[in-house]
$ cat run-v4.txt   # compact mmCIF, C-alpha atoms
# COMPACT_ATOMS: atom_id res chain seq x y z
CA MET A 1 0.00 0.00 0.00
CA SER A 2 2.74 2.43 0.85
CA MET A 3 4.51 1.72 -2.44
CA PHE A 4 1.70 3.55 -4.24
CA ALA A 5 2.31 6.54 -1.98
CA ALA A 6 6.00 6.45 -2.86
CA ALA A 7 5.16 6.29 -6.57
CA ALA A 8 2.68 9.14 -6.22
CA VAL A 9 5.27 11.30 -4.42
CA ALA A 10 7.89 10.58 -7.10
CA VAL A 11 5.43 11.41 -9.87
CA LEU A 12 4.43 14.64 -8.10
CA VAL A 13 8.05 15.71 -7.69
CA SER A 14 8.81 15.09 -11.36
CA MET A 15 5.62 16.94 -12.25
CA VAL A 16 6.83 19.95 -10.27
CA LEU A 17 10.18 19.76 -12.08
CA ALA A 18 8.43 19.67 -15.45
CA LEU A 19 6.30 22.67 -14.44
CA VAL A 20 9.47 24.52 -13.48
CA ARG A 21 10.61 24.08 -17.07
CA ALA A 22 7.18 25.24 -18.23
CA PHE A 23 7.64 28.50 -16.30
CA ILE A 24 11.29 29.08 -17.18
CA GLY A 25 11.19 27.78 -20.74
CA PRO A 26 12.49 30.56 -23.01
CA THR A 27 10.74 29.31 -26.12
CA VAL A 28 7.15 28.21 -26.49
CA PHE A 29 8.31 24.76 -27.52
CA ASP A 30 9.84 24.15 -24.08
CA ARG A 31 6.46 24.98 -22.60
CA ILE A 32 4.64 22.59 -24.92
CA LEU A 33 7.16 19.88 -24.08
CA ALA A 34 6.78 20.46 -20.33
CA VAL A 35 2.99 20.43 -20.53
CA ASN A 36 3.11 17.21 -22.54
CA ALA A 37 5.34 15.60 -19.90
CA THR A 38 3.03 16.86 -17.16
CA GLY A 39 0.08 15.28 -18.98
CA THR A 40 1.79 11.92 -19.14
CA LEU A 41 2.70 12.17 -15.49
CA THR A 42 -0.93 12.96 -14.70
CA VAL A 43 -1.90 9.74 -16.46
CA VAL A 44 0.47 7.83 -14.21
CA LEU A 45 -0.69 9.71 -11.14
CA ILE A 46 -4.36 8.92 -11.81
CA SER A 47 -3.69 5.21 -12.26
CA VAL A 48 -1.48 5.08 -9.16
CA TYR A 49 -4.11 6.92 -7.12
CA GLY A 50 -6.75 4.53 -8.41
CA PHE A 51 -4.78 1.64 -6.99
CA LEU A 52 -4.02 3.57 -3.81
CA ASP A 53 -7.74 3.98 -3.21
CA GLY A 54 -8.58 0.44 -4.19
CA ARG A 55 -10.72 1.60 -7.11
CA PRO A 56 -9.05 0.41 -10.34
CA GLU A 57 -11.81 2.03 -12.45
CA PHE A 58 -9.56 5.10 -12.50
CA LEU A 59 -7.68 3.46 -15.36
CA ASP A 60 -10.45 4.51 -17.76
CA ILE A 61 -9.93 8.10 -16.69
CA ALA A 62 -6.18 7.72 -17.15
CA LEU A 63 -6.65 6.27 -20.64
CA LEU A 64 -8.96 9.12 -21.58
CA TYR A 65 -6.50 11.64 -20.20
CA ALA A 66 -3.73 10.12 -22.31
CA LEU A 67 -5.90 10.46 -25.44
CA ILE A 68 -6.81 14.08 -24.72
CA ASN A 69 -3.23 14.97 -23.82
CA PHE A 70 -2.01 13.68 -27.16
CA ILE A 71 -4.65 15.57 -29.14
CA GLY A 72 -4.05 18.75 -27.17
CA THR A 73 -0.30 18.69 -27.62
CA VAL A 74 -0.51 18.06 -31.36
CA ALA A 75 -3.12 20.81 -31.77
CA VAL A 76 -1.02 23.37 -29.90
CA THR A 77 2.06 22.36 -31.85
CA LYS A 78 0.20 22.77 -35.12
CA TYR A 79 -1.20 26.13 -34.00
CA VAL A 80 2.26 27.39 -33.07
CA LYS A 81 3.78 26.16 -36.31
CA PHE A 82 1.17 27.40 -38.79
CA GLU A 83 -0.24 30.27 -36.73
CA ALA A 84 -3.66 28.79 -37.55
CA LEU A 85 -5.36 25.48 -36.98
CA GLY A 86 -7.03 25.39 -40.36
CA PHE A 87 -5.63 26.78 -43.59
CA PRO A 88 -7.14 30.17 -44.52
CA MET A 89 -10.12 29.85 -46.82
CA ASP A 90 -9.27 32.73 -49.13
CA GLY A 91 -6.46 30.90 -50.92
CA PRO A 92 -6.90 29.38 -54.39
CA ASP A 93 -7.58 26.00 -52.83
CA ASP A 94 -10.59 25.82 -50.53
CA GLY A 95 -8.37 25.02 -47.54
CA ASP A 96 -8.66 21.84 -45.56
CA LEU A 97 -8.39 21.00 -41.91
CA MET B 1 2.77 -6.42 7.09
CA GLY B 2 2.05 -10.06 6.28
CA GLU B 3 4.39 -12.50 4.65
CA PHE B 4 6.37 -11.17 1.74
CA ASN B 5 4.89 -12.55 -1.47
CA ILE B 6 6.58 -12.34 -4.82
CA PHE B 7 4.02 -10.00 -6.38
CA ASP B 8 4.54 -7.26 -3.82
CA GLY B 9 8.31 -7.52 -4.29
CA LEU B 10 8.07 -7.38 -8.07
CA SER B 11 5.72 -4.43 -8.08
CA TRP B 12 7.94 -2.69 -5.51
CA ALA B 13 10.93 -3.14 -7.83
CA PHE B 14 9.09 -1.95 -10.94
CA ILE B 15 7.49 1.02 -9.24
CA LEU B 16 10.78 2.16 -7.74
CA ALA B 17 12.51 1.85 -11.13
CA GLY B 18 9.68 3.73 -12.82
CA SER B 19 9.75 6.50 -10.25
CA PHE B 20 13.51 6.76 -10.62
CA PHE B 21 13.27 7.09 -14.40
CA SER B 22 10.50 9.67 -14.27
CA LEU B 23 12.54 11.72 -11.80
CA VAL B 24 15.61 11.46 -14.05
CA GLY B 25 13.51 12.46 -17.05
CA ALA B 26 12.06 15.44 -15.24
CA LEU B 27 15.52 16.50 -14.11
CA GLY B 28 16.65 16.14 -17.70
CA ILE B 29 13.83 18.41 -18.87
CA VAL B 30 14.93 21.08 -16.44
CA ARG B 31 18.68 20.91 -16.78
CA LEU B 32 19.48 19.98 -20.38
CA PRO B 33 20.83 22.86 -22.47
CA ASP B 34 18.57 23.19 -25.49
CA ILE B 35 15.13 22.12 -26.63
CA PHE B 36 16.26 19.14 -28.67
CA SER B 37 18.12 17.51 -25.78
CA ARG B 38 15.23 18.25 -23.44
CA MET B 39 13.05 16.11 -25.65
CA HIS B 40 15.18 13.17 -24.54
CA GLY B 41 14.13 13.88 -20.96
CA ALA B 42 10.49 14.05 -21.95
CA GLY B 43 10.91 10.80 -23.86
CA MET B 44 12.40 9.23 -20.77
CA ILE B 45 9.35 10.18 -18.73
CA ASP B 46 6.90 8.98 -21.38
CA THR B 47 8.46 5.60 -22.03
CA MET B 48 10.44 4.27 -19.09
CA GLY B 49 8.72 6.07 -16.24
CA CYS B 50 5.20 5.40 -17.42
CA TRP B 51 5.78 1.84 -18.55
CA LEU B 52 7.59 0.62 -15.46
CA ILE B 53 5.08 2.11 -13.04
CA LEU B 54 2.17 0.66 -15.01
CA ILE B 55 3.82 -2.76 -15.14
CA GLY B 56 4.45 -2.46 -11.42
CA LEU B 57 0.73 -1.84 -10.94
CA MET B 58 -0.13 -4.85 -13.07
CA PHE B 59 1.18 -7.22 -10.40
CA GLN B 60 -1.25 -5.86 -7.85
CA THR B 61 -4.45 -7.07 -9.46
CA ASP B 62 -5.83 -10.40 -10.61
CA GLU B 63 -8.69 -9.32 -12.85
CA TRP B 64 -7.49 -9.58 -16.40
CA ILE B 65 -9.58 -6.58 -17.59
CA ILE B 66 -7.48 -4.22 -15.45
CA ILE B 67 -4.26 -5.62 -16.85
CA VAL B 68 -5.64 -5.14 -20.37
CA LYS B 69 -6.46 -1.50 -19.58
CA GLN B 70 -3.00 -0.85 -18.23
CA GLY B 71 -1.51 -2.48 -21.32
CA LEU B 72 -3.71 -0.23 -23.46
CA ILE B 73 -2.52 2.88 -21.67
CA ALA B 74 1.12 1.82 -21.95
CA VAL B 75 0.86 0.94 -25.65
CA PHE B 76 -1.02 4.15 -26.44
CA ILE B 77 1.57 6.30 -24.69
CA ALA B 78 4.36 4.37 -26.40
CA PHE B 79 2.83 5.24 -29.80
CA THR B 80 1.85 8.85 -29.20
CA SER B 81 4.90 10.04 -27.29
CA PRO B 82 7.31 9.81 -30.24
CA THR B 83 4.70 11.34 -32.52
CA THR B 84 4.23 14.43 -30.39
CA THR B 85 7.97 14.80 -29.85
CA PHE B 86 8.57 14.51 -33.59
CA ALA B 87 5.91 17.10 -34.42
CA LEU B 88 7.30 19.41 -31.76
CA CYS B 89 10.82 18.97 -33.12
CA ARG B 90 9.73 19.91 -36.64
CA ALA B 91 7.83 22.89 -35.29
CA ALA B 92 10.90 23.98 -33.33
CA ILE B 93 13.14 23.73 -36.41
CA HIS B 94 10.49 25.56 -38.46
CA GLY B 95 10.35 28.14 -35.71
CA GLY B 96 14.03 28.86 -36.19
CA ILE B 97 15.60 27.12 -33.21
CA LYS B 98 19.17 26.31 -34.17
CA SER B 99 20.25 22.88 -32.91
CA GLY B 100 23.78 21.97 -31.87
CA PRO B 101 26.11 23.69 -29.43
CA LYS B 102 25.90 27.47 -29.10
CA GLN B 103 28.13 28.87 -31.88
CA PRO B 104 30.57 31.59 -30.69
CA PRO B 105 29.39 35.04 -31.92
CA LYS B 106 30.82 35.56 -35.43
CA LYS B 107 33.38 38.40 -35.33
CA ALA B 108 32.46 41.41 -37.48
CA LYS B 109 33.64 40.76 -41.05
CA SER B 110 35.91 43.63 -42.10
CA LYS B 111 35.46 44.89 -45.67
CA THR B 112 38.90 43.81 -46.89
CA GLU B 113 38.47 40.25 -45.75
CA GLU B 114 35.32 39.27 -47.52
CA LEU B 115 34.58 40.23 -51.09
CA PRO B 116 30.85 40.99 -51.36
CA SER B 117 30.63 38.71 -54.41
CA SER B 118 31.49 35.48 -52.53
CA ASN B 119 28.38 34.51 -50.58
CA SER B 120 29.44 33.03 -47.22
$ encode --input "run-v4.txt" --output "structure tokens"
Amino acid sequence: MSMFAAAAVAVLVSMVLALVRAFIGPTVFDRILAVNATGTLTVVLISVYGFLDGRPEFLDIALLYALINFIGTVAVTKYVKFEALGFPMDGPDDGDL
Amino acid sequence: MGEFNIFDGLSWAFILAGSFFSLVGALGIVRLPDIFSRMHGAGMIDTMGCWLILIGLMFQTDEWIIIVKQGLIAVFIAFTSPTTTFALCRAAIHGGIKSGPKQPPKKAKSKTEELPSSNS
């Protein structure tokens, strides 16, 4: 039982370290990277807490969080790279997603 | 706390290893010099840290559905983590981040040294 607490503490400490990089990060890409790492650590924290509490249904929440984290990170990366999520409509082509 | 069975020991070992790797990865994110080496730290967290802790949790349960869910999470993170890091790397290069060690500032080129015709 106490091993889950140890894992949760370790995950929390590494989450704080990743957030430190999110605050310091000179470029926006460091921030995206740090937020992505924090998201993965949240997935681990949710599943560890589920086992700590004896309710393994938390794994569904962790799986969903992993899915959303991936989509969010890719969307932000695309927004930063192209300054727009979709291509502008006024070009010769009609623009796609 | 009861007799020591093999499953507790195994999950202790895996969870400790996973926590160690996620800490190392987080430290790597903070201390590595530039964005491209920090991605190694983030990769360390995504793959080793997450996988080992999830495998450590697998020993704690006997319903197979929970093990399948943990496997799903681990496999999904194993697939998406390189994808996001790759997209971020391309965005960083597109954004003008120069990789490699910090070049020393180029000294001012005097007029006699460099003919304007030869493009450097």
$ closest_residue --input "run-v4.txt" --among "A:Leu33, A:Val28, A:Ala10, A:Leu17" --to "Phe21 in chain B" --atoms "all atoms listed in the file"
A:Ala10
$ closest_residue --input "run-v4.txt" --among "A:Thr77, A:Tyr65, A:Ala18, A:Phe29" --to "Ile46 in chain A" --atoms "all atoms listed in the file"
A:Tyr65
$ closest_residue --input "run-v4.txt" --among "B:Phe76, B:Phe14, B:Phe86, B:Phe7" --to "Ala42 in chain B" --atoms "all atoms listed in the file"
B:Phe86
$ residues_around --input "run-v4.txt" --residues "Val76 in chain A" --least-positions-apart "2" --cutoff "12 Å" --atoms "all atoms listed in the file" --output "list of chain:residue names"
A:Val28, A:Phe29, A:Arg31, A:Ile32, A:Leu33, A:Val35, A:Asn36, A:Asn69, A:Phe70, A:Ile71, A:Gly72, A:Thr73, A:Val74, A:Lys78, A:Tyr79, A:Val80, A:Lys81, A:Phe82, A:Glu83, A:Ala84, A:Leu85, B:Thr84, B:Ala87, B:Leu88, B:Ala91
$ write_last_selection --input "run-v4.txt" --atoms "C-alpha atoms" --output "mmCIF file, in the coordinates of the input"
data_model
loop_
_atom_site.group_PDB
_atom_site.id
_atom_site.type_symbol
_atom_site.label_atom_id
_atom_site.label_comp_id
_atom_site.auth_asym_id
_atom_site.auth_seq_id
_atom_site.Cartn_x
_atom_site.Cartn_y
_atom_site.Cartn_z
ATOM 1 C CA VAL A 28 7.150 28.210 -26.490
ATOM 2 C CA PHE A 29 8.310 24.760 -27.520
ATOM 3 C CA ARG A 31 6.460 24.980 -22.600
ATOM 4 C CA ILE A 32 4.640 22.590 -24.920
ATOM 5 C CA LEU A 33 7.160 19.880 -24.080
ATOM 6 C CA VAL A 35 2.990 20.430 -20.530
ATOM 7 C CA ASN A 36 3.110 17.210 -22.540
ATOM 8 C CA ASN A 69 -3.230 14.970 -23.820
ATOM 9 C CA PHE A 70 -2.010 13.680 -27.160
ATOM 10 C CA ILE A 71 -4.650 15.570 -29.140
ATOM 11 C CA GLY A 72 -4.050 18.750 -27.170
ATOM 12 C CA THR A 73 -0.300 18.690 -27.620
ATOM 13 C CA VAL A 74 -0.510 18.060 -31.360
ATOM 14 C CA LYS A 78 0.200 22.770 -35.120
ATOM 15 C CA TYR A 79 -1.200 26.130 -34.000
ATOM 16 C CA VAL A 80 2.260 27.390 -33.070
ATOM 17 C CA LYS A 81 3.780 26.160 -36.310
ATOM 18 C CA PHE A 82 1.170 27.400 -38.790
ATOM 19 C CA GLU A 83 -0.240 30.270 -36.730
ATOM 20 C CA ALA A 84 -3.660 28.790 -37.550
ATOM 21 C CA LEU A 85 -5.360 25.480 -36.980
ATOM 22 C CA THR B 84 4.230 14.430 -30.390
ATOM 23 C CA ALA B 87 5.910 17.100 -34.420
ATOM 24 C CA LEU B 88 7.300 19.410 -31.760
ATOM 25 C CA ALA B 91 7.830 22.890 -35.290
#
$ closest_residue --input "run-v4.txt" --among "A:Asp30, A:Val11, A:Ile24, A:Phe51" --to "Ile97 in chain B" --atoms "all atoms listed in the file"
A:Asp30
$ atom_distance --input "run-v4.txt" --atom1 "CA of Leu41 in chain A" --atom2 "CA of Asp8 in chain B"
22.7 Å
$ closest_residue --input "run-v4.txt" --among "B:Lys102, B:Ile6, B:Gly95, B:Phe59" --to "chain A" --atoms "only C-alpha atoms"
B:Gly95
$ atom_distance --input "run-v4.txt" --atom1 "CA of Thr27 in chain A" --atom2 "CA of His94 in chain B"
12.9 Å
$ atom_distance --input "run-v4.txt" --atom1 "CA of Ile55 in chain B" --atom2 "CA of Leu12 in chain A"
18.8 Å
$ residues_around --input "run-v4.txt" --residues "Ala5 in chain A" --least-positions-apart "6" --cutoff "9 Å" --atoms "all atoms listed in the file" --output "JSON, numbers by chain"
{"A": [48, 49, 52]}
$ write_last_selection --input "run-v4.txt" --atoms "C-alpha atoms" --output "compact mmCIF listing (two decimals), in the coordinates of the input"
# COMPACT_ATOMS: atom_id res chain seq x y z
CA VAL A 48 -1.48 5.08 -9.16
CA TYR A 49 -4.11 6.92 -7.12
CA LEU A 52 -4.02 3.57 -3.81
$ residues_around --input "run-v4.txt" --residues "Leu54 in chain B" --least-positions-apart "6" --cutoff "9 Å" --atoms "all atoms listed in the file" --output "PyMOL selection string"
(chain A and resi 44+47-48) or (chain B and resi 14-15+18+70-71+73-74)
$ closest_residue --input "run-v4.txt" --among "B:Phe4, B:Ile93, B:Gly41, B:Ser11" --to "Thr61 in chain B" --atoms "all atoms listed in the file"
B:Ser11
$ residues_near_point --input "run-v4.txt" --point "(6.1, 15.4, -7.3)" --cutoff "12 Å" --atoms "only C-alpha atoms" --output "list in words"
Ala5, Ala6, Ala7, Ala8, Val9, Ala10, Val11, Leu12, Val13, Ser14, Met15, Val16, Leu17, Ala18, Leu19, Val20, Thr38, Leu41, Thr42, Val44 and Leu45 of chain A; Ser19, Phe20, Ser22, Leu23, Ala26 and Leu27 of chain B
$ decode --input "run-v4.txt" --residues "range 15-28 of chain A" --atoms "all heavy atoms" --output "compact mmCIF listing (two decimals), in the first residue's frame"
# COMPACT_ATOMS: atom_id res chain seq x y z
N MET A 15 6.57 16.00 -11.63
CA MET A 15 5.62 16.94 -12.25
C MET A 15 6.01 18.38 -11.91
O MET A 15 5.99 19.27 -12.77
CB MET A 15 4.21 16.63 -11.74
CG MET A 15 3.12 17.00 -12.67
SD MET A 15 1.55 16.69 -11.89
CE MET A 15 1.37 14.97 -12.30
N VAL A 16 6.42 18.59 -10.64
CA VAL A 16 6.83 19.95 -10.27
C VAL A 16 8.05 20.37 -11.09
O VAL A 16 8.12 21.49 -11.62
CB VAL A 16 7.13 20.00 -8.75
CG1 VAL A 16 7.90 21.26 -8.39
CG2 VAL A 16 5.84 19.93 -7.96
N LEU A 17 9.00 19.42 -11.28
CA LEU A 17 10.18 19.76 -12.08
C LEU A 17 9.77 20.13 -13.50
O LEU A 17 10.24 21.12 -14.08
CB LEU A 17 11.15 18.57 -12.09
CG LEU A 17 11.98 18.38 -10.83
CD1 LEU A 17 12.73 17.05 -10.89
CD2 LEU A 17 12.96 19.52 -10.67
N ALA A 18 8.85 19.36 -14.07
CA ALA A 18 8.43 19.67 -15.45
C ALA A 18 7.75 21.03 -15.48
O ALA A 18 7.95 21.82 -16.41
CB ALA A 18 7.49 18.58 -15.95
N LEU A 19 6.97 21.35 -14.45
CA LEU A 19 6.30 22.67 -14.44
C LEU A 19 7.32 23.78 -14.28
O LEU A 19 7.12 24.89 -14.80
CB LEU A 19 5.26 22.71 -13.33
CG LEU A 19 3.98 21.95 -13.65
CD1 LEU A 19 3.01 22.05 -12.49
CD2 LEU A 19 3.36 22.48 -14.92
N VAL A 20 8.43 23.49 -13.58
CA VAL A 20 9.47 24.52 -13.48
C VAL A 20 9.97 24.86 -14.87
O VAL A 20 10.09 26.03 -15.25
CB VAL A 20 10.62 24.01 -12.58
CG1 VAL A 20 11.88 24.80 -12.82
CG2 VAL A 20 10.22 24.10 -11.13
N ARG A 21 10.19 23.81 -15.70
CA ARG A 21 10.61 24.08 -17.07
C ARG A 21 9.51 24.82 -17.82
O ARG A 21 9.78 25.70 -18.64
CB ARG A 21 10.95 22.76 -17.77
CG ARG A 21 11.20 22.86 -19.25
CD ARG A 21 12.18 23.90 -19.63
NE ARG A 21 13.49 23.71 -19.05
CZ ARG A 21 14.45 24.64 -19.10
NH1 ARG A 21 14.21 25.78 -19.68
NH2 ARG A 21 15.62 24.42 -18.56
N ALA A 22 8.26 24.54 -17.52
CA ALA A 22 7.18 25.24 -18.23
C ALA A 22 7.22 26.72 -17.89
O ALA A 22 6.97 27.57 -18.76
CB ALA A 22 5.84 24.64 -17.83
N PHE A 23 7.57 27.07 -16.64
CA PHE A 23 7.64 28.50 -16.30
C PHE A 23 8.87 29.15 -16.90
O PHE A 23 8.82 30.20 -17.50
CB PHE A 23 7.66 28.67 -14.77
CG PHE A 23 6.34 28.37 -14.15
CD1 PHE A 23 6.26 27.63 -12.98
CD2 PHE A 23 5.16 28.80 -14.73
CE1 PHE A 23 5.05 27.34 -12.42
CE2 PHE A 23 3.94 28.52 -14.17
CZ PHE A 23 3.89 27.77 -13.00
N ILE A 24 10.03 28.45 -16.76
CA ILE A 24 11.29 29.08 -17.18
C ILE A 24 11.34 29.16 -18.71
O ILE A 24 11.70 30.15 -19.29
CB ILE A 24 12.49 28.27 -16.68
CG1 ILE A 24 12.55 28.26 -15.16
CG2 ILE A 24 13.79 28.85 -17.22
CD1 ILE A 24 13.64 27.38 -14.62
N GLY A 25 10.90 28.08 -19.34
CA GLY A 25 11.19 27.78 -20.74
C GLY A 25 11.27 29.01 -21.61
O GLY A 25 10.27 29.70 -21.78
N PRO A 26 12.45 29.34 -22.19
CA PRO A 26 12.49 30.56 -23.01
C PRO A 26 11.55 30.49 -24.20
O PRO A 26 10.78 31.41 -24.45
CB PRO A 26 13.96 30.66 -23.44
CG PRO A 26 14.54 29.31 -23.20
CD PRO A 26 13.76 28.69 -22.12
N THR A 27 11.56 29.33 -24.91
CA THR A 27 10.74 29.31 -26.12
C THR A 27 9.42 28.62 -25.82
O THR A 27 9.29 27.91 -24.81
CB THR A 27 11.46 28.50 -27.22
OG1 THR A 27 11.54 27.15 -26.74
CG2 THR A 27 12.85 29.01 -27.44
N VAL A 28 8.48 28.79 -26.71
CA VAL A 28 7.15 28.21 -26.49
C VAL A 28 7.22 26.70 -26.61
O VAL A 28 6.42 25.98 -26.04
CB VAL A 28 6.16 28.83 -27.50
CG1 VAL A 28 6.44 28.31 -28.89
CG2 VAL A 28 4.76 28.58 -27.09
